[in-house]
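Here is the file protein-v9.txt (compact mmCIF, C-alpha atoms).
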# COMPACT_ATOMS: atom_id res chain seq x y z
CA MET A 1 3.24 7.61 1.72
CA LEU A 2 1.99 8.68 -1.70
CA HIS A 3 -1.48 7.13 -1.46
CA ILE A 4 -2.12 8.88 1.86
CA TYR A 5 -0.81 12.18 0.49
CA ARG A 6 -3.13 11.88 -2.51
CA GLN A 7 -6.07 11.26 -0.22
CA ILE A 8 -5.38 14.18 2.11
CA SER A 9 -4.42 16.71 -0.55
CA GLY A 10 -7.44 15.77 -2.67
CA LEU A 11 -10.01 16.80 -0.05
CA ARG A 12 -12.16 19.76 -1.10
CA ARG A 13 -15.11 19.89 1.29
CA ILE A 14 -12.96 19.24 4.36
CA ARG A 15 -10.01 21.32 5.63
CA PRO A 16 -7.36 18.81 6.69
CA VAL A 17 -4.96 19.52 9.55
CA VAL A 18 -1.91 17.25 9.44
CA ILE A 19 -0.04 16.24 12.60
CA ALA A 20 3.20 14.28 12.28
CA GLN A 21 6.30 13.41 14.30
CA LYS A 22 8.61 14.81 11.61
CA ARG A 23 8.56 16.17 8.09
CA GLU A 24 10.32 14.45 5.21
CA ASN A 25 10.50 15.02 1.44
CA PRO A 26 8.67 18.38 1.36
CA ASP A 27 9.44 18.78 -2.35
CA ARG A 28 7.71 15.51 -3.21
CA PHE A 29 4.83 16.10 -0.79
CA PRO A 30 4.13 19.84 -0.55
CA PHE A 31 1.51 20.82 2.01
CA PRO A 32 0.74 24.30 3.37
CA LYS A 33 1.00 23.52 7.07
CA ILE A 34 1.99 20.53 9.16
CA ASP A 35 1.96 20.52 12.97
CA ILE A 36 5.01 18.67 14.25
CA VAL A 37 4.78 16.85 17.58
CA PRO A 38 8.22 15.20 17.78
CA LYS A 39 9.14 12.08 19.65
CA PRO A 40 10.33 12.92 23.17
CA ALA A 41 13.95 12.29 24.12
CA THR A 42 12.81 9.32 26.22
CA HIS A 43 10.93 7.67 23.35
CA PHE A 44 13.51 4.94 22.73
CA LEU A 45 13.61 3.93 26.39
CA ARG A 46 9.84 4.02 26.65
CA ARG A 47 9.47 1.87 23.53
CA PHE A 48 12.11 -0.59 24.79
CA TRP A 49 10.37 -0.87 28.16
CA TYR A 50 6.97 -1.59 26.65
CA ARG A 51 8.12 -4.00 23.93
CA GLN A 52 11.03 -5.85 25.51
CA VAL A 53 10.18 -5.80 29.22
CA CYS A 54 6.37 -5.65 29.25
CA ASN A 55 5.92 -7.41 25.88
CA LYS A 56 3.11 -5.12 24.83
CA PRO A 57 2.75 -2.20 22.37
CA TRP A 58 4.02 1.14 23.59
CA GLN A 59 1.68 4.08 24.00
CA ILE A 60 2.27 7.82 24.04
CA SER A 61 3.35 9.55 27.21
CA SER A 62 1.27 12.09 29.11
CA GLY A 63 3.47 14.87 27.71
CA GLU A 64 2.83 13.77 24.11
CA LEU A 65 -0.87 13.49 24.89
CA ARG A 66 -0.97 17.09 26.16
CA ARG A 67 0.80 18.39 23.07
CA LEU A 68 -1.51 16.50 20.71
CA ILE A 69 -4.63 17.71 22.54
CA GLY A 70 -3.20 21.24 22.35
CA VAL A 71 -2.87 21.05 18.57
CA LEU A 72 -6.39 19.63 18.13
CA GLU A 73 -7.89 22.36 20.33
CA ARG A 74 -5.93 25.14 18.62
CA GLU A 75 -7.01 23.95 15.19
CA GLN A 76 -10.59 23.35 16.40
CA ALA A 77 -10.50 19.88 14.92
CA GLN A 78 -13.92 18.29 14.62
CA LEU A 79 -12.79 14.81 13.62
CA LEU A 80 -9.60 12.81 14.16
CA HIS A 81 -8.36 10.38 11.47
CA ILE A 82 -5.43 8.15 12.43
CA PHE A 83 -3.66 6.39 9.58
CA PHE A 84 -2.60 2.79 10.29
CA GLY A 85 -3.99 0.55 12.99
CA HIS A 86 -0.77 0.08 14.93
CA ILE A 87 -0.36 3.87 15.15
CA ALA A 88 -3.86 4.09 16.61
CA VAL A 89 -2.81 1.57 19.27
CA HIS A 90 0.14 3.81 20.20
CA LEU A 91 -2.30 6.76 20.30
CA LEU A 92 -4.96 4.95 22.35
CA PRO A 93 -4.69 7.44 25.25
CA LEU A 94 -5.54 10.21 22.74
CA VAL A 95 -8.46 8.25 21.29
CA GLN A 96 -9.86 7.71 24.79
CA THR A 97 -9.33 11.36 25.81
CA HIS A 98 -10.39 13.20 22.66
CA LEU A 99 -14.18 13.39 22.65
CA ARG A 100 -14.63 14.11 18.95
CA PRO A 101 -15.39 11.37 16.38
CA THR A 102 -12.33 9.26 15.57
CA VAL A 103 -11.45 7.19 12.49
CA VAL A 104 -8.66 4.65 12.10
CA SER A 105 -7.73 3.33 8.67
CA PHE A 106 -6.04 -0.02 7.99
CA HIS A 107 -3.81 -0.45 4.95
CA GLY A 108 -2.31 -3.96 5.11
CA ALA A 109 0.64 -4.67 7.37
CA ASP A 110 -1.12 -2.99 10.29
CA VAL A 111 -3.78 -5.72 10.48
CA LEU A 112 -1.89 -8.93 11.23
CA VAL A 113 1.68 -8.06 12.28
CA ASP A 114 2.30 -9.05 15.93
CA MET A 115 -1.29 -10.24 16.31
CA ASP A 116 0.00 -13.62 17.47
CA LYS A 117 0.95 -11.86 20.73
CA PRO A 118 -1.99 -11.71 23.17
CA ALA A 119 -1.10 -8.26 24.53
CA TYR A 120 -0.95 -6.76 21.04
CA ARG A 121 -4.23 -8.38 20.04
CA LYS A 122 -5.88 -7.16 23.25
CA ALA A 123 -4.65 -3.59 22.74
CA THR A 124 -5.86 -3.60 19.14
CA LYS A 125 -9.32 -4.79 20.17
CA GLU A 126 -9.44 -2.08 22.83
CA MET A 127 -8.56 0.52 20.20
CA LEU A 128 -11.19 -0.84 17.78
CA ASN A 129 -13.82 -0.54 20.49
CA ALA A 130 -12.78 3.04 21.24
CA VAL A 131 -12.80 4.54 17.72
CA THR A 132 -15.97 5.73 15.99
CA ARG A 133 -15.31 4.33 12.48
CA VAL A 134 -12.81 1.96 10.84
CA PHE A 135 -11.70 2.35 7.22
CA VAL A 136 -10.20 -0.52 5.21
CA ARG A 137 -8.74 -0.55 1.69
CA SER A 138 -10.06 -3.96 0.68
CA ALA A 139 -12.64 -6.57 1.59
CA SER A 140 -9.84 -8.92 2.62
CA LEU A 141 -8.68 -6.36 5.19
CA GLN A 142 -12.27 -5.95 6.34
CA ARG A 143 -12.48 -9.67 7.08
CA ALA A 144 -9.17 -9.53 8.97
CA VAL A 145 -10.31 -6.56 11.09
CA VAL A 146 -13.57 -8.34 11.94
CA GLU A 147 -11.53 -11.35 13.06
CA LEU A 148 -9.67 -9.02 15.42
CA GLY A 149 -12.98 -8.28 17.13
CA CYS A 150 -14.19 -5.15 15.34
CA ASP A 151 -17.92 -4.53 15.12
CA GLU A 152 -18.64 -4.96 11.40
CA ARG A 153 -21.14 -2.09 11.53
CA LYS A 154 -18.26 0.30 12.21
CA ILE A 155 -16.35 -0.55 9.05
CA ASP A 156 -16.31 1.37 5.77
CA LEU A 157 -14.56 0.15 2.63
CA VAL A 158 -12.66 3.16 1.26
CA ARG A 159 -10.43 2.09 -1.59
CA THR A 160 -7.14 3.57 -2.72
CA GLY A 161 -7.75 6.30 -5.24
CA ILE A 162 -5.68 6.54 -8.43
CA PRO A 163 -5.52 9.93 -10.22
CA LEU A 164 -6.50 8.60 -13.64
CA GLN A 165 -5.52 11.81 -15.44
CA GLU A 166 -1.89 11.07 -14.50
CA PHE A 167 -2.02 7.51 -15.88
CA PRO A 168 -3.93 7.55 -19.18
CA PHE A 169 -4.40 4.26 -20.99
CA ARG A 170 -2.00 3.59 -23.82
CA GLY A 171 -2.10 0.40 -25.87
CA ARG A 172 1.23 -1.44 -26.10
CA GLU A 173 2.99 -2.76 -29.16
CA PHE A 174 4.28 -6.13 -28.00
CA PRO A 175 7.75 -7.11 -29.26
CA MET A 176 8.27 -9.56 -32.08
CA ASN A 177 12.00 -9.94 -31.43
CA GLY A 178 11.81 -11.28 -27.88
CA GLU A 179 12.88 -8.03 -26.21
CA TRP A 180 10.22 -8.13 -23.52
CA HIS A 181 10.47 -5.47 -20.80
CA PHE A 182 9.06 -6.54 -17.43
CA LEU A 183 8.52 -4.21 -14.47
CA GLN A 184 7.86 -4.55 -10.78
CA ALA A 185 7.55 -1.39 -8.66
CA SER A 186 7.39 -1.89 -4.91
CA ARG A 187 9.17 -1.65 -1.61
CA LEU A 188 11.95 -4.21 -1.43
CA VAL A 189 10.39 -6.26 1.36
CA GLN A 190 9.37 -9.89 1.66
CA LYS A 191 5.62 -9.51 1.11
CA LYS A 192 6.20 -8.09 -2.38
CA GLY A 193 7.34 -11.53 -3.59
CA ILE A 194 10.39 -10.21 -5.44
CA ALA A 195 12.31 -13.47 -5.07
CA THR A 196 9.43 -15.19 -6.87
CA THR A 197 9.70 -12.57 -9.61
CA LEU A 198 13.42 -13.23 -10.06
CA HIS A 199 13.05 -17.01 -10.19
CA ALA A 200 10.17 -16.78 -12.68
CA PHE A 201 12.12 -14.33 -14.82
CA THR A 202 15.11 -16.70 -14.81
CA HIS A 203 12.93 -19.42 -16.36
CA PHE A 204 11.46 -16.95 -18.85
CA LEU A 205 14.96 -16.04 -20.05
CA GLU A 206 15.50 -19.64 -21.17
CA ASN A 207 13.10 -18.97 -24.07
CA TYR A 208 13.51 -15.18 -24.36
CA PRO A 209 17.14 -14.35 -23.50
CA ARG A 210 16.79 -10.75 -24.68
CA ALA A 211 14.14 -9.92 -22.06
CA THR A 212 14.84 -7.43 -19.26
CA LEU A 213 13.36 -6.85 -15.82
CA THR A 214 13.30 -3.59 -13.85
CA ILE A 215 12.55 -3.72 -10.13
CA ALA A 216 11.94 -0.11 -9.07
CA GLY A 217 11.98 0.64 -5.37
CA GLU A 218 14.04 0.76 -2.23
CA GLY A 219 14.04 -1.26 0.95
CA PRO A 220 15.98 -3.54 3.28
CA MET A 221 16.23 -6.45 0.81
CA LEU A 222 18.30 -4.60 -1.82
CA ALA A 223 21.62 -6.32 -1.08
CA GLU A 224 19.92 -9.72 -0.76
CA LEU A 225 18.17 -9.30 -4.12
CA LYS A 226 21.35 -8.20 -5.87
CA GLU A 227 23.06 -11.30 -4.55
CA LEU A 228 20.17 -13.45 -5.78
CA THR A 229 20.48 -12.01 -9.30
CA ARG A 230 24.17 -12.94 -9.27
CA LYS A 231 23.40 -16.43 -7.97
CA LEU A 232 20.78 -16.94 -10.69
CA LYS A 233 23.20 -15.50 -13.28
CA ILE A 234 20.69 -12.89 -14.44
CA ALA A 235 22.33 -9.73 -13.09
CA ASP A 236 22.97 -8.46 -16.63
CA ARG A 237 19.23 -8.66 -17.44
CA VAL A 238 17.87 -7.16 -14.18
CA MET A 239 17.93 -3.48 -13.20
CA LEU A 240 17.55 -2.42 -9.56
CA PRO A 241 17.58 1.40 -9.75
CA GLY A 242 16.35 2.01 -6.19
CA PHE A 243 13.81 4.75 -5.55
CA VAL A 244 12.29 6.11 -8.76
CA ALA A 245 10.47 9.46 -8.76
CA PRO A 246 6.79 9.26 -9.80
CA GLU A 247 7.41 11.08 -13.08
CA LYS A 248 10.20 8.68 -14.04
CA LEU A 249 8.15 5.68 -12.92
CA ARG A 250 5.37 6.73 -15.29
CA GLU A 251 7.89 6.68 -18.13
CA ILE A 252 8.92 3.15 -17.14
CA TYR A 253 5.27 2.05 -17.07
CA TYR A 254 4.81 3.20 -20.66
CA GLY A 255 8.11 1.67 -21.75
CA SER A 256 7.25 -1.77 -20.33
CA HIS A 257 5.16 -4.64 -21.67
CA ILE A 258 4.17 -6.59 -18.52
CA PHE A 259 3.89 -5.69 -14.83
CA LEU A 260 4.68 -8.26 -12.13
CA HIS A 261 3.53 -8.20 -8.52
CA PRO A 262 3.54 -11.73 -6.99
CA SER A 263 2.74 -10.67 -3.41
CA GLU A 264 2.94 -13.15 -0.56
CA THR A 265 2.20 -13.26 3.15
CA GLY A 266 5.34 -12.33 5.06
CA SER A 267 6.81 -14.46 7.83
CA ASP A 268 5.52 -11.85 10.31
CA GLY A 269 1.97 -12.03 8.93
CA ASN A 270 2.40 -8.93 6.79
CA GLN A 271 -0.13 -8.80 3.93
CA GLU A 272 -1.06 -6.49 1.08
CA GLY A 273 -4.25 -4.54 0.74
CA ILE A 274 -4.30 -3.70 -2.96
CA PRO A 275 -0.88 -2.48 -4.21
CA ASN A 276 -0.97 1.09 -5.53
CA SER A 277 1.73 0.56 -8.13
CA MET A 278 -0.25 -2.37 -9.53
CA LEU A 279 -3.32 -0.16 -9.96
CA GLU A 280 -1.26 2.58 -11.61
CA ALA A 281 0.24 0.03 -14.00
CA MET A 282 -3.21 -1.31 -14.88
CA ALA A 283 -4.49 2.21 -15.56
CA THR A 284 -1.68 2.83 -18.07
CA GLY A 285 -2.48 -0.35 -19.99
CA LEU A 286 0.14 -2.72 -18.59
CA PRO A 287 -1.06 -6.35 -18.35
CA VAL A 288 -0.54 -7.42 -14.73
CA PHE A 289 0.60 -10.82 -13.47
CA ALA A 290 0.10 -11.15 -9.71
CA THR A 291 -0.96 -13.63 -7.02
CA GLU A 292 -4.08 -14.81 -5.23
CA HIS A 293 -3.15 -12.73 -2.20
CA GLY A 294 -4.81 -10.20 0.09
CA GLY A 295 -6.97 -7.70 -1.78
CA ILE A 296 -5.42 -8.33 -5.21
CA PRO A 297 -8.31 -10.54 -6.46
CA GLU A 298 -10.63 -7.58 -5.77
CA ALA A 299 -8.84 -5.69 -8.54
CA ILE A 300 -7.94 -8.56 -10.88
CA GLU A 301 -10.27 -11.21 -12.23
CA ASN A 302 -8.02 -14.02 -13.34
CA GLY A 303 -7.88 -14.32 -17.10
CA VAL A 304 -10.05 -11.23 -17.59
CA SER A 305 -8.31 -8.16 -16.14
CA GLY A 306 -4.99 -9.80 -15.31
CA ILE A 307 -3.40 -13.13 -14.46
CA LEU A 308 -3.28 -14.58 -10.94
CA VAL A 309 -1.14 -17.49 -9.73
CA PRO A 310 -0.65 -19.01 -6.25
CA GLU A 311 1.71 -17.31 -3.80
CA ARG A 312 5.41 -18.27 -3.97
CA ASP A 313 4.89 -20.35 -7.12
CA HIS A 314 7.52 -19.09 -9.54
CA GLU A 315 6.97 -22.05 -11.86
CA ALA A 316 3.29 -21.17 -12.27
CA LEU A 317 4.21 -17.53 -12.86
CA SER A 318 6.87 -18.32 -15.46
CA GLU A 319 4.52 -20.72 -17.27
CA ALA A 320 1.74 -18.10 -17.28
CA LEU A 321 4.16 -15.56 -18.73
CA ARG A 322 5.40 -17.97 -21.37
CA ARG A 323 1.89 -18.84 -22.54
CA SER A 324 0.69 -15.24 -22.51
CA VAL A 325 3.50 -13.69 -24.52
CA GLU A 326 2.62 -16.11 -27.29
CA ASP A 327 -0.88 -14.58 -27.42
CA PRO A 328 -0.72 -10.80 -28.01
CA ASN A 329 -4.52 -10.64 -28.28
CA LEU A 330 -4.82 -12.00 -24.74
CA LEU A 331 -2.36 -9.42 -23.43
CA ALA A 332 -4.27 -6.65 -25.18
CA ARG A 333 -7.57 -7.81 -23.61
CA LEU A 334 -6.01 -8.02 -20.15
CA ALA A 335 -4.62 -4.51 -20.58
CA ARG A 336 -7.91 -2.96 -21.68
CA ASN A 337 -9.98 -4.76 -19.05
CA GLY A 338 -7.49 -3.93 -16.32
CA ALA A 339 -7.63 -0.22 -17.14
CA ASP A 340 -11.43 -0.32 -17.20
CA THR A 341 -11.47 -1.96 -13.76
CA VAL A 342 -9.29 0.76 -12.24
CA ALA A 343 -11.45 3.48 -13.79
CA LYS A 344 -14.60 1.86 -12.42
CA LYS A 345 -13.48 0.92 -8.90
CA PHE A 346 -10.42 3.01 -8.00
CA ASP A 347 -10.88 6.46 -9.51
CA GLN A 348 -9.44 8.98 -7.02
CA GLN A 349 -12.18 11.56 -7.46
CA ASN A 350 -14.89 9.01 -6.66
CA GLN A 351 -13.01 7.65 -3.65
CA ILE A 352 -12.35 11.12 -2.20
CA ARG A 353 -16.00 12.06 -2.73
CA ARG A 354 -16.99 8.96 -0.79
CA LEU A 355 -14.48 9.77 1.95
CA GLU A 356 -15.84 13.30 2.34
CA GLU A 357 -19.40 12.00 2.53
CA ILE A 358 -18.43 9.66 5.37
CA TYR A 359 -16.58 12.44 7.22
CA LEU A 360 -19.52 14.84 6.88
CA GLY A 361 -22.00 12.15 7.82
CA MET A 362 -20.06 11.49 11.03
CA LEU A 363 -20.28 15.19 11.82
CA GLY A 364 -23.99 15.35 11.05
CA LYS A 365 -23.31 17.80 8.22
CA PHE A 366 -24.01 15.67 5.16
CA GLY A 367 -26.95 16.52 3.03

This entry written out as structure tokens:
Amino acid sequence: MLHIYRQISGLRRIRPVVIAQKRENPDRFPFPKIDIVPKPATHFLRRFWYRQVCNKPWQISSGELRRLIGVLEREQAQLLHIFFGHIAVHLLPLVQTHLRPTVVSFHGADVLVDMDKPAYRKATKEMLNAVTRVFVRSASLQRAVVELGCDERKIDLVRTGIPLQEFPFRGREFPMNGEWHFLQASRLVQKKGIATTLHAFTHFLENYPRATLTIAGEGPMLAELKELTRKLKIADRVMLPGFVAPEKLREIYYGSHIFLHPSETGSDGNQEGIPNSMLEAMATGLPVFATEHGGIPEAIENGVSGILVPERDHEALSEALRRSVEDPNLLARLARNGADTVAKKFDQQNQIRRLEEIYLGMLGKFG
């Protein structure tokens, strides 16, 4: 995931050692060395047994544990950082065996998914008790982790870092002929609220029929969303290009007038932290229209650095868009304030510096 890659590759005072089950997209995510500990041949059966028969989260086998310990000892690792809470649950035997300081970071979906199941909640609390520190991307995630039973004194707020030099602010010339270009960039999954985007855009087209919408991203809802555009009779105004490379996505940011991200809580409890694409869009000078969801209000003050509407309320979103496009001065203020907010709270260099200070403090080497 890009935000994790940025965090790891940006470290300067710490030498990161990366351990993964497999390597994908090496051209997009170059890294000098990755230790691969693959899933064992019995992984599927083990996972099925835990989840379907025992109704509890699976955990690594003794063989996987030995291989992971071997890598950590060979690399002389002084600190273990596990990305995503549910992965840390799977790795609980490693957390309990490895005697070095351990960090787990939560990013959104890994906080609430499956937490309605007692065995999953119990295993998560056990993991939270076992780790040394807990990182969260937003205050909303911090509250959720505390509700899971985490000692609040263990928690550090470490926000997503945006490389501002890659997303310089650029003021937009808003169209006078009604050719508004809207953009949403996200995984095509329920919590991104894309259906709300499409319904709101349908209403917007009633007054601005020359507007277009690009939804950049890939995911399991692609076919469903294409069908919805046909049902709403807006397929000729909506582009669904699938995955878009970061360089191309930057071009789309600068060629757009408004960014949409009406996130919502998924049926499985899946929530956002603070969407990375939203922060990138804000940095470039795109006015953002989003929802009162998860960590989004920590980045957007309604009416000041963006516009927020209730979850799943496409009528409120379309009305907010209609009013705002009639006020270019408002859009310009939202754009400038949004970019200033990202520079102040989400600058990658500042966030990585904070991360390194926490790491070194845990090792007793800060100062």

Query raised in the report: If you count only C-alpha atoms, which residues fall within 10 Å of Glu272 of chain A, apart from same-chain ones fewer than 5 positions away, as a list of chain:residue names?
Result: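 Here the answer would be A:His107, A:Gly108, A:Ala109, A:Asp110, A:Val111, A:Arg137, A:Ser138, A:Ser140, A:Leu141, A:Lys191, A:Lys192, A:Ser263, A:Glu264, A:Thr265, A:Gly266, A:His293, A:Gly294, A:Gly295, A:Ile296.
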
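Of the listed residues (A:Phe167, A:Phe182, A:Phe31, A:Phe83), A:Phe167 comes nearest to Arg250 of chain A; the distances count all atoms listed in the file.
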
Report summary line: Separating atom CA of Arg74 of chain A from atom CA of Arg12 of chain A, to the nearest tenth of an Å, is a gap of 21.4 Å

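Atom CA of Pro262 of chain A is positioned 20.4 Å from atom CA of Lys231 of chain A.
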
Report task. Write out as JSON, numbers by chain each polymer residue whose atoms come within 9 Å of segment 357-365 of chain A, counting only C-alpha atoms; drop sequence neighbours fewer than 3 positions from it. Result -> {"A": [13, 14, 78, 79, 101, 132, 133, 156, 352, 353, 354]}

Query - Shell of 8 Å around Ala281 of chain A, only C-alpha atoms, local chain residues under 5 positions omitted, as number ranges by chain - result: A: 253, 259, 286-288

**Report entry** Between atom CA of Gly285 of chain A and atom CA of Val325 of chain A, distance in Å (one decimal)
**Finding:**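 Straight-line distance from atom CA of Gly285 of chain A to atom CA of Val325 of chain A works out to 15.3 Å.
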
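If all atoms listed in the file are the atoms counted, then among A:Ala290, A:Leu355, A:Ala245, A:Ile69 the closest residue to Val134 of chain A is A:Leu355.
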
Query raised in the report: What's the 9 Å shell around Gly149 of chain A, counting all atoms listed in the file, without same-chain residues fewer than 4 positions away, as an NGL selection string?
Result: :A and (124-125 or 128-129 or 145)

**Report entry** Non-local contacts of Tyr208 of chain A (10 Å; all atoms listed in the file; under 5 positions in same chain excluded) as a list in words
**Finding:**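 Final neighbour list, sorted by chain and number: Asn177, Gly178, Glu179, Trp180, Phe201, Thr202, His203 and Arg322 of chain A.
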
Report task. Go through A:Gln142, A:Asn207, A:Gln351, A:Thr212 and flag the residue nearest Glu326 of chain A, using all atoms listed in the file for the distances. Result -> A:Asn207

Take segment 184-206 of chain A, model N, CA and C atoms, and hand the result over as a compact mmCIF listing (two decimals), keeping the file's coordinate frame.
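Now in part-v2.txt:
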# COMPACT_ATOMS: atom_id res chain seq x y z
N GLN A 184 8.51 -4.49 -12.08
CA GLN A 184 7.86 -4.55 -10.78
C GLN A 184 8.26 -3.29 -10.03
N ALA A 185 7.29 -2.61 -9.43
CA ALA A 185 7.55 -1.39 -8.66
C ALA A 185 6.98 -1.58 -7.27
N SER A 186 7.86 -1.59 -6.26
CA SER A 186 7.39 -1.89 -4.91
C SER A 186 8.52 -1.63 -3.92
N ARG A 187 8.16 -1.61 -2.66
CA ARG A 187 9.17 -1.65 -1.61
C ARG A 187 9.89 -2.99 -1.69
N LEU A 188 11.16 -2.98 -1.39
CA LEU A 188 11.95 -4.21 -1.43
C LEU A 188 11.84 -4.91 -0.08
N VAL A 189 10.68 -5.52 0.12
CA VAL A 189 10.39 -6.26 1.36
C VAL A 189 9.77 -7.60 0.98
N GLN A 190 9.74 -8.51 1.94
CA GLN A 190 9.37 -9.89 1.66
C GLN A 190 7.99 -10.02 1.05
N LYS A 191 6.99 -9.28 1.56
CA LYS A 191 5.62 -9.51 1.11
C LYS A 191 5.40 -9.15 -0.36
N LYS A 192 6.35 -8.45 -0.97
CA LYS A 192 6.20 -8.09 -2.38
C LYS A 192 6.56 -9.25 -3.32
N GLY A 193 7.10 -10.34 -2.78
CA GLY A 193 7.34 -11.53 -3.59
C GLY A 193 8.41 -11.36 -4.65
N ILE A 194 9.40 -10.52 -4.40
CA ILE A 194 10.39 -10.21 -5.44
C ILE A 194 11.27 -11.41 -5.76
N ALA A 195 11.54 -12.25 -4.79
CA ALA A 195 12.31 -13.47 -5.07
C ALA A 195 11.55 -14.35 -6.06
N THR A 196 10.24 -14.43 -5.90
CA THR A 196 9.43 -15.19 -6.87
C THR A 196 9.56 -14.58 -8.26
N THR A 197 9.53 -13.26 -8.33
CA THR A 197 9.70 -12.57 -9.61
C THR A 197 11.01 -12.97 -10.26
N LEU A 198 12.10 -12.94 -9.49
CA LEU A 198 13.42 -13.23 -10.06
C LEU A 198 13.53 -14.68 -10.53
N HIS A 199 12.99 -15.61 -9.76
CA HIS A 199 13.05 -17.01 -10.19
C HIS A 199 12.20 -17.23 -11.44
N ALA A 200 11.01 -16.62 -11.49
CA ALA A 200 10.17 -16.78 -12.68
C ALA A 200 10.84 -16.15 -13.90
N PHE A 201 11.45 -15.01 -13.70
CA PHE A 201 12.12 -14.33 -14.82
C PHE A 201 13.30 -15.16 -15.32
N THR A 202 14.00 -15.83 -14.41
CA THR A 202 15.11 -16.70 -14.81
C THR A 202 14.64 -17.78 -15.78
N HIS A 203 13.48 -18.39 -15.47
CA HIS A 203 12.93 -19.42 -16.36
C HIS A 203 12.49 -18.80 -17.69
N PHE A 204 11.93 -17.60 -17.62
CA PHE A 204 11.46 -16.95 -18.85
C PHE A 204 12.63 -16.69 -19.80
N LEU A 205 13.78 -16.34 -19.23
CA LEU A 205 14.96 -16.04 -20.05
C LEU A 205 15.43 -17.26 -20.86
N GLU A 206 15.08 -18.45 -20.43
CA GLU A 206 15.50 -19.64 -21.17
C GLU A 206 14.93 -19.63 -22.58
